[in-house]
Amino acid sequence: MTRPFALVTGGASGMGRCTVERLARDGFAVAMIDRNVALAEAEAATLREAGLEVSAYGLDITDVAAVERLIEELPPITALVNNAGIFDERAFDDATAEDFRRMFEINTVAVHTLTRAAVKRMPAKGKVVIVASRAYLGARNHVHYVTSKAAVVGYTRATAMELAPRDISVNAIAPGLIDTPLLQSLTPERRKAQEALQPTGRAGRPEDVANAVAFFCSPATDFVTGQVLFVDGGKSLGGSYA
């Protein structure tokens with residue numbers, strides 16, 4: 001029996017790597033896409049040693065022609081996970097037009113490039129999952145990032161309406177504070193301050209995001225589309241946690 005096929009961008013590390021493994025354990029054949037080809041190939045080899053069906057590809061997701069070529073070479077995609085993205089801090093007065101263009105090119109435009117190419121051959125009951133961010137609700141010193149993720153949420157809702165007649169669902173995950181290399185790069189003092197703002201008092205794990213992605217890639221969501229699932233330990237609730 002042929003396995004359903006999933007493609008995960010930014011799949012070589014962090015939330016993407018956990019998502020690749022989770023989907024493979026759920027029975028998907030998974031293509032891991034990443035700019036870091038060496039890391040992707042090494043991680044894919046590790047997963048294959050564990051008996052999972054995982055392949056690795058290097059790709060610049062902003063290269064439209066390269067994206068379209070790769071999608072044509074792969075089997076029809078049952079589940080597309082748009083996980084790749086960039087993040088940096090920039091004070092409002094320091095955020096330039098070029099900062100916005102770069103952020104949107106990778107975080108937003110590339111999502112459409114991949115989705116548009118993938119759904120051309122995606123079967124009915126296909127799944128598109130987009131990793132947004134809880135930050136789309138607003139955050140200081142990230143105006144360009146927040147705006148790109150808010151656009152992704154709008155894209156999710158609009159595309160869900162466009163693809164519903166094809167029986168393809170489109171949903172988004174909005175992670176909050178997750179224990180990834182980005183969080184690990186903070187000073188202990190800043191990390192402690194960030195975790196203190198969480199209702200849970202701690203950061204989430206990459207596996208928490210992978211579990212949510214797996215949910216949206218499952219038959220349980222055949223009648224669920226255009227939704228945003230917060231994976232943030234309740235931070236999006238607002239209010240006081242004292």
# chains A, B, ... in the order shown; residues from 1 in each chain; ligands from 1

call {"tool": "select_by_dssp", "arguments": {"residues": "stretch 64-191 of chain A", "states": "helix (DSSP H, G or I)", "output": "PyMOL selection string"}}
result
chain A and resi 64-73+92-94+97-119+134-137+143-166+181-184+188-191

call {"tool": "residues_around", "arguments": {"residues": "A:Ser55", "least_positions_apart": "4", "cutoff": "7 Å", "atoms": "only C-alpha atoms", "output": "list in words"}}
result
Val30, Ala31, Met32 and Ala44 of chain A

call {"tool": "write_last_selection", "arguments": {"atoms": "N, CA and C atoms", "output": "mmCIF file, in the first residue's frame"}}
result
data_model
loop_
_atom_site.group_PDB
_atom_site.id
_atom_site.type_symbol
_atom_site.label_atom_id
_atom_site.label_comp_id
_atom_site.auth_asym_id
_atom_site.auth_seq_id
_atom_site.Cartn_x
_atom_site.Cartn_y
_atom_site.Cartn_z
ATOM 1 N N VAL A 30 7.749 11.170 4.075
ATOM 2 C CA VAL A 30 7.939 12.607 4.295
ATOM 3 C C VAL A 30 9.165 13.117 3.547
ATOM 4 N N ALA A 31 8.986 14.220 2.851
ATOM 5 C CA ALA A 31 10.100 14.944 2.245
ATOM 6 C C ALA A 31 10.453 16.106 3.155
ATOM 7 N N MET A 32 11.682 16.113 3.628
ATOM 8 C CA MET A 32 12.193 17.175 4.501
ATOM 9 C C MET A 32 12.886 18.215 3.619
ATOM 10 N N ALA A 44 17.657 13.163 7.945
ATOM 11 C CA ALA A 44 16.854 12.176 7.217
ATOM 12 C C ALA A 44 17.464 10.786 7.349
#

call {"tool": "atom_distance", "arguments": {"atom1": "atom CA of A:Lys235", "atom2": "atom CA of A:Ala150"}}
result
16.9 Å

call {"tool": "residues_around", "arguments": {"residues": "stretch 3-10 of chain A", "least_positions_apart": "2", "cutoff": "6 Å", "atoms": "only C-alpha atoms", "output": "list in words"}}
result
Ala12, Gly16, Phe28, Ala29, Val30, Ala31, Met32, Ile33, Asp34, Ile77, Thr78, Ala79, Leu80, Val81, Asn82, Asn83 and Ala84 of chain A

call {"tool": "atom_distance", "arguments": {"atom1": "atom CA of A:Gly234", "atom2": "atom CA of A:Ala220"}}
result
23.0 Å

call {"tool": "residues_around", "arguments": {"residues": "stretch 108-123 of chain A", "least_positions_apart": "3", "cutoff": "8 Å", "atoms": "only C-alpha atoms", "output": "PDB file with all heavy atoms, in the first residue's frame"}}
result
ATOM      1  N   ILE A  61      13.186  28.404  -0.811  1.00  0.00           N
ATOM      2  CA  ILE A  61      11.743  28.488  -1.025  1.00  0.00           C
ATOM      3  C   ILE A  61      11.312  29.804  -1.678  1.00  0.00           C
ATOM      4  O   ILE A  61      10.150  29.937  -2.078  1.00  0.00           O
ATOM      5  CB  ILE A  61      10.961  28.277   0.285  1.00  0.00           C
ATOM      6  CG1 ILE A  61      11.321  29.340   1.328  1.00  0.00           C
ATOM      7  CG2 ILE A  61      11.172  26.870   0.816  1.00  0.00           C
ATOM      8  CD1 ILE A  61      10.459  29.274   2.588  1.00  0.00           C
ATOM      9  N   THR A  62      12.240  30.767  -1.830  1.00  0.00           N
ATOM     10  CA  THR A  62      11.909  32.003  -2.532  1.00  0.00           C
ATOM     11  C   THR A  62      12.173  31.892  -4.028  1.00  0.00           C
ATOM     12  O   THR A  62      11.835  32.809  -4.780  1.00  0.00           O
ATOM     13  CB  THR A  62      12.697  33.202  -1.964  1.00  0.00           C
ATOM     14  OG1 THR A  62      14.093  33.031  -2.252  1.00  0.00           O
ATOM     15  CG2 THR A  62      12.483  33.326  -0.464  1.00  0.00           C
ATOM     16  N   VAL A  64      10.993  30.600  -7.157  1.00  0.00           N
ATOM     17  CA  VAL A  64       9.729  30.055  -7.652  1.00  0.00           C
ATOM     18  C   VAL A  64       9.965  28.910  -8.630  1.00  0.00           C
ATOM     19  O   VAL A  64       9.314  27.853  -8.535  1.00  0.00           O
ATOM     20  CB  VAL A  64       8.888  31.166  -8.325  1.00  0.00           C
ATOM     21  CG1 VAL A  64       7.612  30.587  -8.931  1.00  0.00           C
ATOM     22  CG2 VAL A  64       8.555  32.256  -7.309  1.00  0.00           C
ATOM     23  N   VAL A  67      11.100  25.783  -6.778  1.00  0.00           N
ATOM     24  CA  VAL A  67       9.981  25.185  -6.036  1.00  0.00           C
ATOM     25  C   VAL A  67       9.091  24.391  -6.975  1.00  0.00           C
ATOM     26  O   VAL A  67       8.733  23.236  -6.711  1.00  0.00           O
ATOM     27  CB  VAL A  67       9.160  26.280  -5.315  1.00  0.00           C
ATOM     28  CG1 VAL A  67       7.835  25.713  -4.806  1.00  0.00           C
ATOM     29  CG2 VAL A  67       9.956  26.884  -4.170  1.00  0.00           C
ATOM     30  N   GLU A  68       8.721  24.983  -8.095  1.00  0.00           N
ATOM     31  CA  GLU A  68       7.816  24.310  -9.032  1.00  0.00           C
ATOM     32  C   GLU A  68       8.447  23.056  -9.619  1.00  0.00           C
ATOM     33  O   GLU A  68       7.762  22.036  -9.800  1.00  0.00           O
ATOM     34  CB  GLU A  68       7.399  25.287 -10.133  1.00  0.00           C
ATOM     35  CG  GLU A  68       6.512  26.422  -9.589  1.00  0.00           C
ATOM     36  CD  GLU A  68       6.122  27.427 -10.650  1.00  0.00           C
ATOM     37  OE1 GLU A  68       6.767  27.442 -11.731  1.00  0.00           O
ATOM     38  OE2 GLU A  68       5.179  28.211 -10.405  1.00  0.00           O
ATOM     39  N   ILE A  71       8.362  20.270  -6.848  1.00  0.00           N
ATOM     40  CA  ILE A  71       7.009  19.762  -6.621  1.00  0.00           C
ATOM     41  C   ILE A  71       6.594  18.824  -7.762  1.00  0.00           C
ATOM     42  O   ILE A  71       5.934  17.798  -7.528  1.00  0.00           O
ATOM     43  CB  ILE A  71       5.998  20.917  -6.490  1.00  0.00           C
ATOM     44  CG1 ILE A  71       6.317  21.777  -5.259  1.00  0.00           C
ATOM     45  CG2 ILE A  71       4.574  20.385  -6.411  1.00  0.00           C
ATOM     46  CD1 ILE A  71       6.195  21.078  -3.944  1.00  0.00           C
ATOM     47  N   PRO A  76       2.431  13.203  -5.720  1.00  0.00           N
ATOM     48  CA  PRO A  76       1.394  14.139  -5.281  1.00  0.00           C
ATOM     49  C   PRO A  76       1.402  14.269  -3.757  1.00  0.00           C
ATOM     50  O   PRO A  76       1.506  13.281  -3.034  1.00  0.00           O
ATOM     51  CB  PRO A  76       0.103  13.489  -5.778  1.00  0.00           C
ATOM     52  CG  PRO A  76       0.535  12.698  -6.974  1.00  0.00           C
ATOM     53  CD  PRO A  76       1.896  12.165  -6.626  1.00  0.00           C
ATOM     54  N   ILE A  77       1.308  15.494  -3.283  1.00  0.00           N
ATOM     55  CA  ILE A  77       1.443  15.778  -1.856  1.00  0.00           C
ATOM     56  C   ILE A  77       0.080  15.706  -1.176  1.00  0.00           C
ATOM     57  O   ILE A  77      -0.839  16.432  -1.528  1.00  0.00           O
ATOM     58  CB  ILE A  77       2.087  17.159  -1.655  1.00  0.00           C
ATOM     59  CG1 ILE A  77       3.522  17.149  -2.200  1.00  0.00           C
ATOM     60  CG2 ILE A  77       2.072  17.562  -0.189  1.00  0.00           C
ATOM     61  CD1 ILE A  77       4.133  18.522  -2.333  1.00  0.00           C
ATOM     62  N   THR A  78      -0.006  14.836  -0.185  1.00  0.00           N
ATOM     63  CA  THR A  78      -1.238  14.715   0.600  1.00  0.00           C
ATOM     64  C   THR A  78      -1.294  15.776   1.687  1.00  0.00           C
ATOM     65  O   THR A  78      -2.367  16.294   2.008  1.00  0.00           O
ATOM     66  CB  THR A  78      -1.319  13.318   1.253  1.00  0.00           C
ATOM     67  OG1 THR A  78      -1.135  12.321   0.248  1.00  0.00           O
ATOM     68  CG2 THR A  78      -2.643  13.104   1.944  1.00  0.00           C
ATOM     69  N   LEU A  80       0.889  19.264   3.045  1.00  0.00           N
ATOM     70  CA  LEU A  80       1.949  20.262   2.919  1.00  0.00           C
ATOM     71  C   LEU A  80       2.028  21.053   4.214  1.00  0.00           C
ATOM     72  O   LEU A  80       1.023  21.622   4.660  1.00  0.00           O
ATOM     73  CB  LEU A  80       1.651  21.216   1.760  1.00  0.00           C
ATOM     74  CG  LEU A  80       2.547  22.452   1.664  1.00  0.00           C
ATOM     75  CD1 LEU A  80       3.986  22.060   1.344  1.00  0.00           C
ATOM     76  CD2 LEU A  80       2.008  23.434   0.623  1.00  0.00           C
ATOM     77  N   ASN A  82       3.854  24.202   5.688  1.00  0.00           N
ATOM     78  CA  ASN A  82       4.670  25.401   5.457  1.00  0.00           C
ATOM     79  C   ASN A  82       5.219  25.873   6.798  1.00  0.00           C
ATOM     80  O   ASN A  82       4.599  26.685   7.498  1.00  0.00           O
ATOM     81  CB  ASN A  82       3.806  26.493   4.828  1.00  0.00           C
ATOM     82  CG  ASN A  82       3.487  26.236   3.379  1.00  0.00           C
ATOM     83  OD1 ASN A  82       4.369  26.197   2.526  1.00  0.00           O
ATOM     84  ND2 ASN A  82       2.206  26.040   3.088  1.00  0.00           N
ATOM     85  N   MET A 103      11.233  39.834   5.051  1.00  0.00           N
ATOM     86  CA  MET A 103      10.381  39.056   5.937  1.00  0.00           C
ATOM     87  C   MET A 103       9.174  38.496   5.178  1.00  0.00           C
ATOM     88  O   MET A 103       8.818  37.319   5.309  1.00  0.00           O
ATOM     89  CB  MET A 103       9.922  39.926   7.101  1.00  0.00           C
ATOM     90  CG  MET A 103       9.312  39.179   8.257  1.00  0.00           C
ATOM     91  SD  MET A 103      10.461  38.117   9.173  1.00  0.00           S
ATOM     92  CE  MET A 103      11.532  39.318   9.962  1.00  0.00           C
ATOM     93  N   PHE A 104       8.558  39.329   4.362  1.00  0.00           N
ATOM     94  CA  PHE A 104       7.387  38.890   3.607  1.00  0.00           C
ATOM     95  C   PHE A 104       7.758  37.883   2.523  1.00  0.00           C
ATOM     96  O   PHE A 104       6.993  36.947   2.260  1.00  0.00           O
ATOM     97  CB  PHE A 104       6.665  40.088   2.986  1.00  0.00           C
ATOM     98  CG  PHE A 104       5.542  40.598   3.840  1.00  0.00           C
ATOM     99  CD1 PHE A 104       5.813  41.379   4.959  1.00  0.00           C
ATOM    100  CD2 PHE A 104       4.230  40.290   3.559  1.00  0.00           C
ATOM    101  CE1 PHE A 104       4.785  41.842   5.764  1.00  0.00           C
ATOM    102  CE2 PHE A 104       3.198  40.744   4.361  1.00  0.00           C
ATOM    103  CZ  PHE A 104       3.467  41.522   5.465  1.00  0.00           C
ATOM    104  N   GLU A 105       8.900  38.072   1.897  1.00  0.00           N
ATOM    105  CA  GLU A 105       9.301  37.159   0.819  1.00  0.00           C
ATOM    106  C   GLU A 105       9.405  35.729   1.325  1.00  0.00           C
ATOM    107  O   GLU A 105       8.978  34.778   0.657  1.00  0.00           O
ATOM    108  CB  GLU A 105      10.645  37.610   0.226  1.00  0.00           C
ATOM    109  CG  GLU A 105      11.077  36.838  -1.002  1.00  0.00           C
ATOM    110  CD  GLU A 105      10.189  37.075  -2.214  1.00  0.00           C
ATOM    111  OE1 GLU A 105       9.535  38.133  -2.280  1.00  0.00           O
ATOM    112  OE2 GLU A 105      10.144  36.190  -3.093  1.00  0.00           O
ATOM    113  N   GLY A 126      -6.851  16.518   0.879  1.00  0.00           N
ATOM    114  CA  GLY A 126      -5.495  17.009   1.119  1.00  0.00           C
ATOM    115  C   GLY A 126      -5.475  18.052   2.219  1.00  0.00           C
ATOM    116  O   GLY A 126      -6.486  18.697   2.519  1.00  0.00           O
ATOM    117  N   VAL A 128      -3.292  21.380   3.945  1.00  0.00           N
ATOM    118  CA  VAL A 128      -2.253  22.413   3.957  1.00  0.00           C
ATOM    119  C   VAL A 128      -2.219  22.984   5.366  1.00  0.00           C
ATOM    120  O   VAL A 128      -3.253  23.424   5.886  1.00  0.00           O
ATOM    121  CB  VAL A 128      -2.544  23.536   2.942  1.00  0.00           C
ATOM    122  CG1 VAL A 128      -1.483  24.634   3.045  1.00  0.00           C
ATOM    123  CG2 VAL A 128      -2.614  22.979   1.523  1.00  0.00           C
ATOM    124  N   ILE A 130      -0.095  25.713   7.835  1.00  0.00           N
ATOM    125  CA  ILE A 130       0.825  26.846   7.803  1.00  0.00           C
ATOM    126  C   ILE A 130       1.206  27.207   9.233  1.00  0.00           C
ATOM    127  O   ILE A 130       0.327  27.366  10.092  1.00  0.00           O
ATOM    128  CB  ILE A 130       0.175  28.050   7.105  1.00  0.00           C
ATOM    129  CG1 ILE A 130      -0.253  27.670   5.678  1.00  0.00           C
ATOM    130  CG2 ILE A 130       1.136  29.240   7.076  1.00  0.00           C
ATOM    131  CD1 ILE A 130      -1.118  28.712   4.998  1.00  0.00           C
ATOM    132  N   SER A 148       4.069  40.067   8.935  1.00  0.00           N
ATOM    133  CA  SER A 148       4.157  38.922   8.013  1.00  0.00           C
ATOM    134  C   SER A 148       3.325  37.748   8.509  1.00  0.00           C
ATOM    135  O   SER A 148       2.699  37.034   7.715  1.00  0.00           O
ATOM    136  CB  SER A 148       5.619  38.501   7.817  1.00  0.00           C
ATOM    137  OG  SER A 148       6.141  37.827   8.959  1.00  0.00           O
ATOM    138  N   LYS A 149       3.282  37.538   9.808  1.00  0.00           N
ATOM    139  CA  LYS A 149       2.506  36.424  10.358  1.00  0.00           C
ATOM    140  C   LYS A 149       1.014  36.734  10.377  1.00  0.00           C
ATOM    141  O   LYS A 149       0.178  35.830  10.225  1.00  0.00           O
ATOM    142  CB  LYS A 149       3.017  36.061  11.749  1.00  0.00           C
ATOM    143  CG  LYS A 149       4.416  35.427  11.744  1.00  0.00           C
ATOM    144  CD  LYS A 149       4.459  34.152  10.907  1.00  0.00           C
ATOM    145  CE  LYS A 149       5.794  33.440  11.018  1.00  0.00           C
ATOM    146  NZ  LYS A 149       5.831  32.168  10.241  1.00  0.00           N
ATOM    147  N   ALA A 151      -0.359  38.411   8.062  1.00  0.00           N
ATOM    148  CA  ALA A 151      -0.696  38.160   6.660  1.00  0.00           C
ATOM    149  C   ALA A 151      -0.889  36.670   6.407  1.00  0.00           C
ATOM    150  O   ALA A 151      -1.777  36.262   5.649  1.00  0.00           O
ATOM    151  CB  ALA A 151       0.395  38.714   5.756  1.00  0.00           C
ATOM    152  N   VAL A 152      -0.075  35.840   7.051  1.00  0.00           N
ATOM    153  CA  VAL A 152      -0.198  34.391   6.906  1.00  0.00           C
ATOM    154  C   VAL A 152      -1.562  33.915   7.422  1.00  0.00           C
ATOM    155  O   VAL A 152      -2.192  33.026   6.840  1.00  0.00           O
ATOM    156  CB  VAL A 152       0.956  33.674   7.647  1.00  0.00           C
ATOM    157  CG1 VAL A 152       0.616  32.229   7.950  1.00  0.00           C
ATOM    158  CG2 VAL A 152       2.226  33.759   6.816  1.00  0.00           C
ATOM    159  N   ILE A 168      -9.910  20.371  -0.107  1.00  0.00           N
ATOM    160  CA  ILE A 168      -8.591  20.548   0.502  1.00  0.00           C
ATOM    161  C   ILE A 168      -8.746  21.518   1.663  1.00  0.00           C
ATOM    162  O   ILE A 168      -9.323  22.601   1.502  1.00  0.00           O
ATOM    163  CB  ILE A 168      -7.574  21.096  -0.516  1.00  0.00           C
ATOM    164  CG1 ILE A 168      -7.305  20.050  -1.612  1.00  0.00           C
ATOM    165  CG2 ILE A 168      -6.274  21.504   0.174  1.00  0.00           C
ATOM    166  CD1 ILE A 168      -6.465  20.577  -2.759  1.00  0.00           C
TER     167      ILE A 168
END

call {"tool": "select_by_dssp", "arguments": {"residues": "stretch 54-150 of chain A", "states": "strand (DSSP E)", "output": "list of chain:residue names"}}
result
A:Val54, A:Ser55, A:Ala56, A:Tyr57, A:Gly58, A:Ala79, A:Leu80, A:Val81, A:Asn82, A:Lys127, A:Val128, A:Val129, A:Ile130, A:Val131

call {"tool": "write_last_selection", "arguments": {"atoms": "all heavy atoms", "output": "mmCIF file, in the first residue's frame"}}
result
data_model
loop_
_atom_site.group_PDB
_atom_site.id
_atom_site.type_symbol
_atom_site.label_atom_id
_atom_site.label_comp_id
_atom_site.auth_asym_id
_atom_site.auth_seq_id
_atom_site.Cartn_x
_atom_site.Cartn_y
_atom_site.Cartn_z
ATOM 1 N N VAL A 54 11.803 8.806 5.102
ATOM 2 C CA VAL A 54 12.076 10.242 5.043
ATOM 3 C C VAL A 54 13.148 10.512 3.995
ATOM 4 O O VAL A 54 14.172 9.829 3.947
ATOM 5 C CB VAL A 54 12.553 10.770 6.416
ATOM 6 C CG1 VAL A 54 12.905 12.255 6.321
ATOM 7 C CG2 VAL A 54 11.498 10.538 7.480
ATOM 8 N N SER A 55 12.914 11.515 3.165
ATOM 9 C CA SER A 55 13.901 11.962 2.181
ATOM 10 C C SER A 55 14.211 13.426 2.438
ATOM 11 O O SER A 55 13.446 14.135 3.100
ATOM 12 C CB SER A 55 13.367 11.768 0.761
ATOM 13 O OG SER A 55 12.101 12.395 0.607
ATOM 14 N N ALA A 56 15.347 13.884 1.932
ATOM 15 C CA ALA A 56 15.792 15.259 2.198
ATOM 16 C C ALA A 56 16.099 15.974 0.883
ATOM 17 O O ALA A 56 16.669 15.387 -0.047
ATOM 18 C CB ALA A 56 17.032 15.249 3.084
ATOM 19 N N TYR A 57 15.757 17.253 0.824
ATOM 20 C CA TYR A 57 15.995 18.073 -0.361
ATOM 21 C C TYR A 57 16.426 19.465 0.077
ATOM 22 O O TYR A 57 15.863 20.026 1.014
ATOM 23 C CB TYR A 57 14.725 18.196 -1.211
ATOM 24 C CG TYR A 57 14.196 16.881 -1.718
ATOM 25 C CD1 TYR A 57 13.307 16.125 -0.940
ATOM 26 C CD2 TYR A 57 14.587 16.376 -2.955
ATOM 27 C CE1 TYR A 57 12.825 14.914 -1.393
ATOM 28 C CE2 TYR A 57 14.107 15.157 -3.409
ATOM 29 C CZ TYR A 57 13.223 14.431 -2.627
ATOM 30 O OH TYR A 57 12.755 13.221 -3.063
ATOM 31 N N GLY A 58 17.407 20.000 -0.616
ATOM 32 C CA GLY A 58 17.802 21.381 -0.396
ATOM 33 C C GLY A 58 16.986 22.281 -1.311
ATOM 34 O O GLY A 58 16.794 21.957 -2.485
ATOM 35 N N ALA A 79 -0.134 16.084 2.279
ATOM 36 C CA ALA A 79 -0.068 17.074 3.362
ATOM 37 C C ALA A 79 1.134 17.981 3.145
ATOM 38 O O ALA A 79 2.270 17.501 3.053
ATOM 39 C CB ALA A 79 0.028 16.385 4.721
ATOM 40 N N LEU A 80 0.889 19.264 3.045
ATOM 41 C CA LEU A 80 1.949 20.262 2.919
ATOM 42 C C LEU A 80 2.028 21.053 4.214
ATOM 43 O O LEU A 80 1.023 21.622 4.660
ATOM 44 C CB LEU A 80 1.651 21.216 1.760
ATOM 45 C CG LEU A 80 2.547 22.452 1.664
ATOM 46 C CD1 LEU A 80 3.986 22.060 1.344
ATOM 47 C CD2 LEU A 80 2.008 23.434 0.623
ATOM 48 N N VAL A 81 3.221 21.095 4.809
ATOM 49 C CA VAL A 81 3.430 21.854 6.047
ATOM 50 C C VAL A 81 4.394 22.998 5.750
ATOM 51 O O VAL A 81 5.599 22.783 5.552
ATOM 52 C CB VAL A 81 3.980 20.966 7.178
ATOM 53 C CG1 VAL A 81 4.132 21.789 8.457
ATOM 54 C CG2 VAL A 81 3.069 19.768 7.416
ATOM 55 N N ASN A 82 3.854 24.202 5.688
ATOM 56 C CA ASN A 82 4.670 25.401 5.457
ATOM 57 C C ASN A 82 5.219 25.873 6.798
ATOM 58 O O ASN A 82 4.599 26.685 7.498
ATOM 59 C CB ASN A 82 3.806 26.493 4.828
ATOM 60 C CG ASN A 82 3.487 26.236 3.379
ATOM 61 O OD1 ASN A 82 4.369 26.197 2.526
ATOM 62 N ND2 ASN A 82 2.206 26.040 3.088
ATOM 63 N N LYS A 127 -4.296 18.222 2.813
ATOM 64 C CA LYS A 127 -4.142 19.130 3.959
ATOM 65 C C LYS A 127 -3.000 20.121 3.701
ATOM 66 O O LYS A 127 -1.905 19.727 3.304
ATOM 67 C CB LYS A 127 -3.805 18.339 5.229
ATOM 68 C CG LYS A 127 -4.681 17.115 5.485
ATOM 69 C CD LYS A 127 -6.097 17.493 5.866
ATOM 70 C CE LYS A 127 -6.902 16.253 6.251
ATOM 71 N NZ LYS A 127 -8.286 16.590 6.628
ATOM 72 N N VAL A 128 -3.292 21.380 3.945
ATOM 73 C CA VAL A 128 -2.253 22.413 3.957
ATOM 74 C C VAL A 128 -2.219 22.984 5.366
ATOM 75 O O VAL A 128 -3.253 23.424 5.886
ATOM 76 C CB VAL A 128 -2.544 23.536 2.942
ATOM 77 C CG1 VAL A 128 -1.483 24.634 3.045
ATOM 78 C CG2 VAL A 128 -2.614 22.979 1.523
ATOM 79 N N VAL A 129 -1.045 22.950 5.979
ATOM 80 C CA VAL A 129 -0.874 23.495 7.329
ATOM 81 C C VAL A 129 0.199 24.576 7.269
ATOM 82 O O VAL A 129 1.278 24.353 6.704
ATOM 83 C CB VAL A 129 -0.473 22.406 8.342
ATOM 84 C CG1 VAL A 129 -0.383 23.000 9.742
ATOM 85 C CG2 VAL A 129 -1.471 21.252 8.320
ATOM 86 N N ILE A 130 -0.095 25.713 7.835
ATOM 87 C CA ILE A 130 0.825 26.846 7.803
ATOM 88 C C ILE A 130 1.206 27.207 9.233
ATOM 89 O O ILE A 130 0.327 27.366 10.092
ATOM 90 C CB ILE A 130 0.175 28.050 7.105
ATOM 91 C CG1 ILE A 130 -0.253 27.670 5.678
ATOM 92 C CG2 ILE A 130 1.136 29.240 7.076
ATOM 93 C CD1 ILE A 130 -1.118 28.712 4.998
ATOM 94 N N VAL A 131 2.496 27.324 9.491
ATOM 95 C CA VAL A 131 2.953 27.712 10.824
ATOM 96 C C VAL A 131 3.017 29.236 10.883
ATOM 97 O O VAL A 131 3.861 29.862 10.251
ATOM 98 C CB VAL A 131 4.312 27.080 11.164
ATOM 99 C CG1 VAL A 131 4.788 27.556 12.541
ATOM 100 C CG2 VAL A 131 4.205 25.552 11.143
#

call {"tool": "closest_residue", "arguments": {"among": "A:Lys192, A:Arg69, A:Ala124, A:Thr147", "to": "A:Asp222", "atoms": "only C-alpha atoms"}}
result
A:Ala124

call {"tool": "decode", "arguments": {"residues": "stretch 43-56 of chain A", "atoms": "N, CA and C atoms", "output": "PDB file, in the first residue's frame"}}
result
ATOM      1  N   GLU A  43      19.851  14.400   9.131  1.00  0.00           N
ATOM      2  CA  GLU A  43      18.664  14.118   9.938  1.00  0.00           C
ATOM      3  C   GLU A  43      17.776  13.074   9.264  1.00  0.00           C
ATOM      4  N   ALA A  44      17.657  13.163   7.945  1.00  0.00           N
ATOM      5  CA  ALA A  44      16.854  12.176   7.217  1.00  0.00           C
ATOM      6  C   ALA A  44      17.464  10.786   7.349  1.00  0.00           C
ATOM      7  N   ALA A  45      18.792  10.710   7.289  1.00  0.00           N
ATOM      8  CA  ALA A  45      19.461   9.415   7.435  1.00  0.00           C
ATOM      9  C   ALA A  45      19.205   8.824   8.823  1.00  0.00           C
ATOM     10  N   THR A  46      19.244   9.676   9.841  1.00  0.00           N
ATOM     11  CA  THR A  46      18.964   9.211  11.207  1.00  0.00           C
ATOM     12  C   THR A  46      17.551   8.646  11.313  1.00  0.00           C
ATOM     13  N   LEU A  47      16.605   9.321  10.711  1.00  0.00           N
ATOM     14  CA  LEU A  47      15.221   8.861  10.773  1.00  0.00           C
ATOM     15  C   LEU A  47      15.022   7.578   9.961  1.00  0.00           C
ATOM     16  N   ARG A  48      15.734   7.463   8.846  1.00  0.00           N
ATOM     17  CA  ARG A  48      15.627   6.222   8.067  1.00  0.00           C
ATOM     18  C   ARG A  48      16.195   5.045   8.847  1.00  0.00           C
ATOM     19  N   GLU A  49      17.250   5.294   9.609  1.00  0.00           N
ATOM     20  CA  GLU A  49      17.817   4.232  10.450  1.00  0.00           C
ATOM     21  C   GLU A  49      16.816   3.747  11.492  1.00  0.00           C
ATOM     22  N   ALA A  50      15.880   4.623  11.849  1.00  0.00           N
ATOM     23  CA  ALA A  50      14.835   4.262  12.804  1.00  0.00           C
ATOM     24  C   ALA A  50      13.643   3.594  12.114  1.00  0.00           C
ATOM     25  N   GLY A  51      13.784   3.343  10.813  1.00  0.00           N
ATOM     26  CA  GLY A  51      12.743   2.652  10.071  1.00  0.00           C
ATOM     27  C   GLY A  51      11.681   3.549   9.474  1.00  0.00           C
ATOM     28  N   LEU A  52      11.932   4.865   9.442  1.00  0.00           N
ATOM     29  CA  LEU A  52      10.953   5.809   8.917  1.00  0.00           C
ATOM     30  C   LEU A  52      11.285   6.190   7.480  1.00  0.00           C
ATOM     31  N   GLU A  53      10.253   6.494   6.697  1.00  0.00           N
ATOM     32  CA  GLU A  53      10.437   6.820   5.280  1.00  0.00           C
ATOM     33  C   GLU A  53      10.559   8.337   5.125  1.00  0.00           C
ATOM     34  N   VAL A  54      11.803   8.806   5.102  1.00  0.00           N
ATOM     35  CA  VAL A  54      12.076  10.242   5.043  1.00  0.00           C
ATOM     36  C   VAL A  54      13.148  10.512   3.995  1.00  0.00           C
ATOM     37  N   SER A  55      12.914  11.515   3.165  1.00  0.00           N
ATOM     38  CA  SER A  55      13.901  11.962   2.181  1.00  0.00           C
ATOM     39  C   SER A  55      14.211  13.426   2.438  1.00  0.00           C
ATOM     40  N   ALA A  56      15.347  13.884   1.932  1.00  0.00           N
ATOM     41  CA  ALA A  56      15.792  15.259   2.198  1.00  0.00           C
ATOM     42  C   ALA A  56      16.099  15.974   0.883  1.00  0.00           C
TER      43      ALA A  56
END
